[in-house]
file coords_15.csv (CSV, C-alpha atoms)
chain,number,residue,atom,x,y,z
A,1,MET,CA,52.0,35.8,100.3
A,2,LEU,CA,54.4,33.0,101.2
A,3,PHE,CA,55.8,32.9,97.7
A,4,LYS,CA,56.4,36.7,97.6
A,5,LYS,CA,58.3,36.4,100.9
A,6,LEU,CA,60.3,33.5,99.7
A,7,PHE,CA,61.2,35.3,96.5
A,8,ARG,CA,62.6,38.2,98.5
A,9,LEU,CA,64.2,36.1,101.3
A,10,LEU,CA,65.9,33.6,99.0
A,11,VAL,CA,66.2,34.8,95.4
A,12,VAL,CA,66.8,38.5,95.9
A,13,THR,CA,69.0,38.3,99.0
A,14,GLY,CA,71.0,35.5,97.5
A,15,ALA,CA,71.5,37.1,94.1
A,16,VAL,CA,72.4,40.5,95.7
A,17,SER,CA,75.0,38.8,97.8
A,18,GLY,CA,76.5,37.2,94.7
A,19,THR,CA,76.7,40.4,92.7
A,20,THR,CA,77.9,42.5,95.5
A,21,VAL,CA,80.7,40.2,96.4
A,22,ALA,CA,81.6,39.6,92.8
A,23,ALA,CA,81.8,43.4,92.2
A,24,SER,CA,84.0,44.0,95.2
A,25,ALA,CA,86.3,41.1,94.2
A,26,CYS,CA,86.6,42.6,90.7
A,27,ALA,CA,87.5,46.0,92.1
A,28,ALA,CA,90.1,44.5,94.5
A,29,GLN,CA,91.5,42.5,91.6
A,30,ALA,CA,91.8,45.6,89.3
A,31,ALA,CA,93.4,47.6,92.1
A,32,SER,CA,96.1,45.1,92.7
A,33,GLN,CA,96.5,44.4,89.0
A,34,LYS,CA,96.5,40.7,89.6
A,35,GLN,CA,95.9,38.3,86.8
A,36,GLY,CA,92.5,36.6,87.0
A,37,SER,CA,92.4,32.9,87.6
A,38,ALA,CA,88.7,32.3,87.8
A,39,ASP,CA,88.7,30.1,84.7
A,40,ALA,CA,90.8,27.3,86.3
A,41,GLY,CA,88.4,24.6,85.1
A,42,THR,CA,90.2,22.0,87.1
A,43,ALA,CA,87.3,20.4,88.9
A,44,GLN,CA,87.2,16.7,88.2
A,45,ASP,CA,84.0,15.8,89.8
A,46,GLY,CA,81.4,18.3,88.7
A,47,GLY,CA,79.0,15.7,87.3
A,48,SER,CA,81.4,13.4,85.4
A,49,LYS,CA,79.5,10.4,86.6
A,50,ALA,CA,76.1,11.7,85.6
A,51,GLN,CA,73.9,10.4,82.9
A,52,ASP,CA,74.0,12.1,79.6
A,53,GLN,CA,70.5,13.5,80.0
A,54,GLY,CA,71.2,15.1,83.4
A,55,GLY,CA,69.3,14.6,86.6
A,56,GLY,CA,67.8,16.5,89.5
A,57,SER,CA,68.1,16.6,93.2
A,58,GLN,CA,65.3,15.2,95.3
A,59,GLY,CA,64.2,17.0,98.4
A,60,TRP,CA,61.4,16.9,100.9
B,1,MET,CA,49.7,5.7,116.6
B,2,LYS,CA,48.1,3.2,114.3
B,3,GLU,CA,50.5,0.8,112.5
B,4,ALA,CA,49.8,2.1,109.0
B,5,LEU,CA,50.4,5.7,110.0
B,6,ARG,CA,53.5,4.7,111.9
B,7,LYS,CA,54.8,3.0,108.8
B,8,GLN,CA,54.1,6.0,106.5
B,9,VAL,CA,55.7,8.4,108.9
B,10,ALA,CA,58.8,6.2,109.3
B,11,GLU,CA,59.2,5.8,105.5
B,12,ALA,CA,58.8,9.6,105.0
B,13,TRP,CA,61.5,10.5,107.5
B,14,LEU,CA,63.8,7.7,106.2
B,15,PHE,CA,63.5,9.1,102.7
B,16,ARG,CA,64.4,12.5,104.0
B,17,GLU,CA,67.4,11.1,105.8
B,18,LYS,CA,68.5,9.7,102.5
B,19,VAL,CA,68.2,13.0,100.6
B,20,GLU,CA,70.0,14.8,103.4
B,21,HIS,CA,72.9,12.5,103.1
B,22,GLU,CA,72.9,13.0,99.4
B,23,ALA,CA,72.9,16.7,99.8
B,24,ALA,CA,75.8,16.5,102.3
B,25,GLN,CA,77.9,14.6,99.8
B,26,ARG,CA,76.9,17.0,97.0
B,27,PHE,CA,77.7,20.2,98.9
B,28,ALA,CA,81.1,18.8,100.1
B,29,ARG,CA,82.0,18.0,96.4
B,30,LEU,CA,80.7,21.3,95.0
B,31,SER,CA,82.5,23.2,97.7
B,32,ARG,CA,85.8,21.9,96.3
B,33,SER,CA,85.0,22.3,92.6
B,34,ILE,CA,83.6,25.8,93.0
B,35,ALA,CA,86.6,26.9,95.0
B,36,ALA,CA,88.8,25.8,92.1
B,37,LEU,CA,86.7,27.6,89.5
B,38,ASP,CA,85.8,30.8,91.5
B,39,PRO,CA,88.4,31.3,94.2
B,40,ASP,CA,86.9,34.7,95.4
B,41,SER,CA,83.5,33.3,95.9
B,42,PRO,CA,81.9,33.0,99.3
B,43,VAL,CA,79.9,30.0,98.1
B,44,PRO,CA,82.5,27.2,98.8
B,45,ALA,CA,82.7,28.1,102.5
B,46,LEU,CA,79.0,28.2,102.7
B,47,MET,CA,78.8,24.8,101.0
B,48,ALA,CA,81.3,23.2,103.3
B,49,ARG,CA,79.1,24.4,106.2
B,50,ALA,CA,76.0,23.2,104.4
B,51,ALA,CA,77.5,19.7,104.1
B,52,ASP,CA,77.8,19.7,107.9
B,53,ASP,CA,74.3,21.0,108.3
B,54,GLU,CA,72.9,18.3,106.1
B,55,ARG,CA,74.6,15.6,108.1
B,56,ARG,CA,73.0,17.0,111.2
B,57,HIS,CA,69.6,17.1,109.4
B,58,ALA,CA,70.1,13.5,108.4
B,59,ALA,CA,70.6,12.5,112.1
B,60,LEU,CA,67.4,14.4,113.0
B,61,CYS,CA,65.4,12.7,110.3
B,62,ALA,CA,66.8,9.3,111.3
B,63,SER,CA,65.9,9.9,114.9
B,64,LEU,CA,62.3,10.8,114.0
B,65,ALA,CA,62.1,7.7,111.7
B,66,ALA,CA,63.5,5.5,114.5
B,67,SER,CA,60.8,6.8,116.9
B,68,CYS,CA,58.3,5.2,114.6
B,69,GLY,CA,60.3,2.0,114.1
B,70,GLY,CA,62.1,3.0,110.9
B,71,GLN,CA,65.2,1.1,110.2
B,72,ARG,CA,67.9,3.2,108.6
B,73,ALA,CA,70.1,1.9,105.8
B,74,PRO,CA,73.8,2.9,105.7
B,75,PRO,CA,74.3,6.0,103.6
B,76,ALA,CA,75.1,5.2,99.9
B,77,ALA,CA,77.5,7.1,97.6
B,78,PHE,CA,75.6,9.4,95.3
B,79,PRO,CA,77.0,10.4,91.9
B,80,GLY,CA,76.8,13.9,90.4
B,81,ILE,CA,73.7,14.8,88.4
B,82,ALA,CA,75.1,17.1,85.7
B,83,PRO,CA,75.0,15.8,82.1
B,84,ARG,CA,78.4,14.3,81.2
B,85,GLN,CA,78.8,16.5,78.1
B,86,LEU,CA,79.0,19.8,80.1
B,87,ALA,CA,82.3,21.4,80.9
B,88,PRO,CA,83.3,21.5,84.6
B,89,ARG,CA,82.2,25.0,85.1
B,90,GLU,CA,78.8,24.5,83.5
B,91,ALA,CA,78.4,21.1,85.3
B,92,GLY,CA,79.0,22.8,88.6
B,93,LEU,CA,76.4,25.5,87.8
B,94,TYR,CA,73.9,22.9,86.6
B,95,GLU,CA,74.2,21.0,89.9
B,96,VAL,CA,74.0,24.1,92.1
B,97,VAL,CA,70.9,25.3,90.3
B,98,ALA,CA,69.2,21.9,90.6
B,99,ALA,CA,70.2,21.4,94.2
B,100,CYS,CA,70.0,24.9,95.6
B,101,CYS,CA,67.9,27.1,93.4
B,102,ILE,CA,65.3,24.4,92.8
B,103,THR,CA,65.4,21.8,95.6
B,104,GLU,CA,66.5,23.9,98.5
B,105,THR,CA,64.0,26.6,97.6
B,106,GLU,CA,61.3,24.0,97.4
B,107,SER,CA,62.4,22.6,100.8
B,108,VAL,CA,62.1,26.1,102.5
B,109,ALA,CA,58.5,26.3,101.2
B,110,THR,CA,57.8,22.8,102.5
B,111,VAL,CA,59.3,23.3,105.9
B,112,THR,CA,57.7,26.8,106.3
B,113,THR,CA,54.3,25.3,105.5
B,114,LEU,CA,54.8,22.4,108.0
B,115,LEU,CA,55.9,24.8,110.7
B,116,ALA,CA,52.7,26.8,110.2
B,117,GLY,CA,50.7,23.7,111.1
B,118,ASP,CA,50.2,21.9,114.4
B,119,ALA,CA,53.2,19.6,114.5
B,120,GLU,CA,54.2,17.3,117.4
B,121,PRO,CA,56.8,18.9,119.6
B,122,ASP,CA,59.7,16.7,118.5
B,123,VAL,CA,58.8,17.2,114.9
B,124,ARG,CA,58.5,20.9,115.4
B,125,GLU,CA,61.9,21.1,117.0
B,126,ALA,CA,63.5,19.3,114.1
B,127,LEU,CA,61.7,21.4,111.5
B,128,HIS,CA,62.9,24.6,113.3
B,129,ALA,CA,66.5,23.5,113.3
B,130,ILE,CA,66.3,22.5,109.6
B,131,ALA,CA,64.4,25.6,108.4
B,132,ARG,CA,67.2,28.0,109.5
B,133,ASP,CA,69.8,26.1,107.5
B,134,GLU,CA,67.7,25.6,104.4
B,135,VAL,CA,67.3,29.3,103.9
B,136,VAL,CA,71.1,29.6,103.6
B,137,HIS,CA,71.3,26.6,101.3
B,138,SER,CA,68.8,28.0,98.9
B,139,ARG,CA,70.5,31.5,98.9
B,140,MET,CA,73.9,30.1,98.2
B,141,GLY,CA,72.5,28.7,94.9
B,142,TRP,CA,71.2,32.1,93.9
B,143,THR,CA,74.5,33.7,94.9
B,144,HIS,CA,76.5,31.3,92.7
B,145,LEU,CA,74.1,31.8,89.8
B,146,ALA,CA,74.4,35.6,90.1
B,147,ARG,CA,78.2,35.4,90.1
B,148,GLU,CA,78.2,33.0,87.1
B,149,ALA,CA,75.7,35.2,85.2
B,150,GLN,CA,77.9,38.3,85.9
B,151,ARG,CA,80.9,36.4,84.4
B,152,GLY,CA,79.1,35.0,81.3
B,153,ASP,CA,76.1,33.6,79.6
B,154,VAL,CA,74.1,31.1,81.7
B,155,SER,CA,71.2,30.7,79.2
B,156,PHE,CA,72.3,27.1,78.4
B,157,LEU,CA,70.5,26.1,81.6
B,158,GLY,CA,67.1,26.7,80.0
B,159,GLY,CA,67.2,23.5,78.0
B,160,TRP,CA,68.3,21.5,81.0
B,161,LEU,CA,65.5,22.6,83.3
B,162,PRO,CA,63.1,19.8,82.4
B,163,ALA,CA,65.8,17.2,83.3
B,164,MET,CA,66.4,18.9,86.6
B,165,LEU,CA,62.7,19.1,87.4
B,166,ARG,CA,62.1,15.4,86.4
B,167,GLY,CA,64.8,14.4,88.8
B,168,THR,CA,63.4,16.6,91.6
B,169,ILE,CA,59.9,15.3,91.8
B,170,THR,CA,58.9,12.3,93.9
B,171,ASP,CA,55.1,11.7,94.3
B,172,GLN,CA,53.8,15.3,93.8
B,173,PHE,CA,51.9,14.5,90.6
B,174,GLU,CA,50.7,11.0,91.5
B,175,PRO,CA,47.0,10.6,92.4
B,176,PRO,CA,46.2,11.2,96.1
B,177,SER,CA,46.5,8.0,98.1
B,178,GLU,CA,44.9,7.1,101.4
B,179,GLU,CA,46.3,9.8,103.7
B,180,PRO,CA,45.3,10.0,107.3
B,181,PRO,CA,44.8,13.6,108.4
B,182,GLU,CA,47.3,13.0,111.3
B,183,LEU,CA,50.2,12.9,108.8
B,184,LEU,CA,50.6,16.7,109.1
B,185,ARG,CA,51.3,16.4,112.8
B,186,TYR,CA,54.2,14.2,112.0
B,187,GLY,CA,55.7,16.5,109.4
B,188,ILE,CA,54.2,15.1,106.2
B,189,LEU,CA,52.1,17.1,103.8
B,190,PRO,CA,49.1,15.6,102.0
B,191,ARG,CA,50.0,14.9,98.4
B,192,ALA,CA,47.6,17.5,97.0
B,193,LYS,CA,49.1,20.2,99.2
B,194,LYS,CA,52.6,19.0,98.3
B,195,ARG,CA,51.8,19.4,94.6
B,196,GLU,CA,50.2,22.8,95.1
B,197,LEU,CA,53.2,24.0,97.0
B,198,PHE,CA,55.7,22.5,94.5
B,199,VAL,CA,53.9,24.2,91.6
B,200,GLY,CA,53.5,27.5,93.4
B,201,THR,CA,57.1,27.7,94.4
B,202,LEU,CA,58.2,26.9,90.9
B,203,GLU,CA,55.9,29.4,89.2
B,204,GLU,CA,56.3,32.3,91.7
B,205,VAL,CA,59.8,31.9,93.1
B,206,VAL,CA,62.1,29.7,91.1
B,207,PHE,CA,61.0,30.5,87.6
B,208,PRO,CA,61.0,34.3,88.1
B,209,GLY,CA,64.4,34.0,89.8
B,210,LEU,CA,65.9,32.1,86.9
B,211,GLU,CA,64.3,34.5,84.4
B,212,GLN,CA,66.2,37.4,86.0
B,213,PHE,CA,69.4,35.8,84.7
B,214,GLY,CA,68.2,35.5,81.1
B,215,ILE,CA,67.4,31.8,81.4
B,216,ASP,CA,64.7,30.8,79.0
B,217,LEU,CA,61.7,29.1,80.7
B,218,VAL,CA,59.8,27.8,77.6
B,219,ALA,CA,60.9,24.2,78.2
B,220,ALA,CA,60.5,24.3,81.9
B,221,ARG,CA,57.0,25.7,81.7
B,222,ALA,CA,56.0,23.2,79.0
B,223,TRP,CA,57.3,20.4,81.3
B,224,LEU,CA,55.3,21.7,84.2
B,225,ASP,CA,52.1,22.3,82.2
B,226,ASP,CA,52.4,18.7,80.9
B,227,ARG,CA,52.8,17.3,84.4
B,228,LYS,CA,49.8,19.3,85.7
B,229,ALA,CA,47.6,18.3,82.7
B,230,THR,CA,48.5,14.6,83.1
B,231,ALA,CA,47.9,14.7,86.9
B,232,ASN,CA,44.5,16.4,86.3
B,233,ARG,CA,43.5,13.8,83.8
B,234,GLU,CA,44.5,10.9,86.0
B,235,GLY,CA,42.7,12.6,89.0
B,236,ALA,CA,39.5,12.9,87.0
B,237,ARG,CA,39.7,9.3,85.8
B,238,ASP,CA,40.2,8.0,89.4
B,239,ALA,CA,37.3,10.1,90.6
B,240,LYS,CA,35.1,8.5,87.9
B,241,LEU,CA,36.2,5.0,89.1
B,242,LEU,CA,35.2,5.7,92.7

call {"tool": "encode", "arguments": {"input": "coords_15.csv", "output": "structure tokens"}}
result
Amino acid sequence: MLFKKLFRLLVVTGAVSGTTVAASACAAQAASQKQGSADAGTAQDGGSKAQDQGGGSQGW
Amino acid sequence: MKEALRKQVAEAWLFREKVEHEAAQRFARLSRSIAALDPDSPVPALMARAADDERRHAALCASLAASCGGQRAPPAAFPGIAPRQLAPREAGLYEVVAACCITETESVATVTTLLAGDAEPDVREALHAIARDEVVHSRMGWTHLAREAQRGDVSFLGGWLPAMLRGTITDQFEPPSEEPPELLRYGILPRAKKRELFVGTLEEVVFPGLEQFGIDLVAARAWLDDRKATANREGARDAKLL
């Protein structure tokens, strides 16, 4: 029961929020005929110091 | 409180303080990198707030540890966890999935379970404050994954899941140690319960969530089955020795 609730509370709600916002952003972008810039790829610190094999994030 | 129990409780909360500091640094860094990669996303603002939340959580954990005599160490600098060979966009997604979709989701399950028990008032108060924020921290991972999946293929994550999971676990699969029953009142789950919760959250929340986005779970499931089988074998061997 806990897991079903968590799936809805976290996964479904989070994912719906992502797709809804993404869809509205796309619509707004199309309407204003702006050029997309989502592929900037300028982040310098997204894991550059990590080990080759990758790691994980410890929690509680 | 007995000395051994006091020490165990202090160590557990000091460890939590450390992981909260690590999360604060990670969210602050990811907030900047995701803003550059996905300027329309709501996630960077959520992550900036999450970094503040985690600093507040670290203070709560430190305070509970101090009440049991725990001596806090100054926060260290934590490096990123994504494999070096990934491009910035993929590296950011790797880290968000590891930190939010897996770890924060597991944390919500842990804190919820602890709150259902009979915790000491100061522990309960801290757990309540933390629980509200952890829900948002988990969701922002699923939000980011949904946005990235809408933009392109995220199936590369499947092969990396065992590395993320290996880096996530602490003592969940180790044989049970001597655990006083009072631990639960101080916000610490018995190891067997911790494992059950970790596995259940993976199998029933995290894995189905990832699968929705076309991420293959063969490697992750094989890793989990192997850990469970090893832990069961070691548990049976220890039982024979007793």

call {"tool": "interface_residues", "arguments": {"input": "coords_15.csv", "of": "chain B", "to": "chain A", "cutoff": "6 Å", "atoms": "only C-alpha atoms", "output": "PyMOL selection string"}}
result
chain B and resi 33+37-38+79-84+88+91-92+98-99+103+107+139+142-143+146-147+163-164+167-168+205+209

call {"tool": "residues_around", "arguments": {"input": "coords_15.csv", "residues": "range 11-25 of chain B", "least_positions_apart": "5", "cutoff": "7 Å", "atoms": "only C-alpha atoms", "output": "count of residues only"}}
result
17

call {"tool": "residues_around", "arguments": {"input": "coords_15.csv", "residues": "range 110-118 of chain B", "least_positions_apart": "3", "cutoff": "10 Å", "atoms": "only C-alpha atoms", "output": "MDAnalysis selection string"}}
result
(chainID A and resid 2 6 59:60) or (chainID B and resid 104:107 121 123:128 130:132 134 182 184:189 193:194 197:198 201)

call {"tool": "closest_residue", "arguments": {"input": "coords_15.csv", "among": "B:Val108, B:Ala219, B:Ala192, B:Leu93", "to": "Gly235 in chain B", "atoms": "all atoms listed in the file"}}
result
B:Ala192

call {"tool": "atom_distance", "arguments": {"input": "coords_15.csv", "atom1": "CA of Gln8 in chain B", "atom2": "CA of Asp171 in chain B"}}
result
13.5 Å

call {"tool": "atom_distance", "arguments": {"input": "coords_15.csv", "atom1": "CA of Ala50 in chain B", "atom2": "CA of Ala28 in chain B"}}
result
8.0 Å

call {"tool": "residues_around", "arguments": {"input": "coords_15.csv", "residues": "Trp223 in chain B", "least_positions_apart": "6", "cutoff": "9 Å", "atoms": "all atoms listed in the file", "output": "PyMOL selection string"}}
result
chain B and resi 161-162+165-166

call {"tool": "atom_distance", "arguments": {"input": "coords_15.csv", "atom1": "CA of Glu90 in chain B", "atom2": "CA of Asp133 in chain B"}}
result
25.7 Å

call {"tool": "closest_residue", "arguments": {"input": "coords_15.csv", "among": "B:Ala10, B:Ala45, B:Ile102, B:Val136", "to": "Glu203 in chain B", "atoms": "only C-alpha atoms"}}
result
B:Ile102
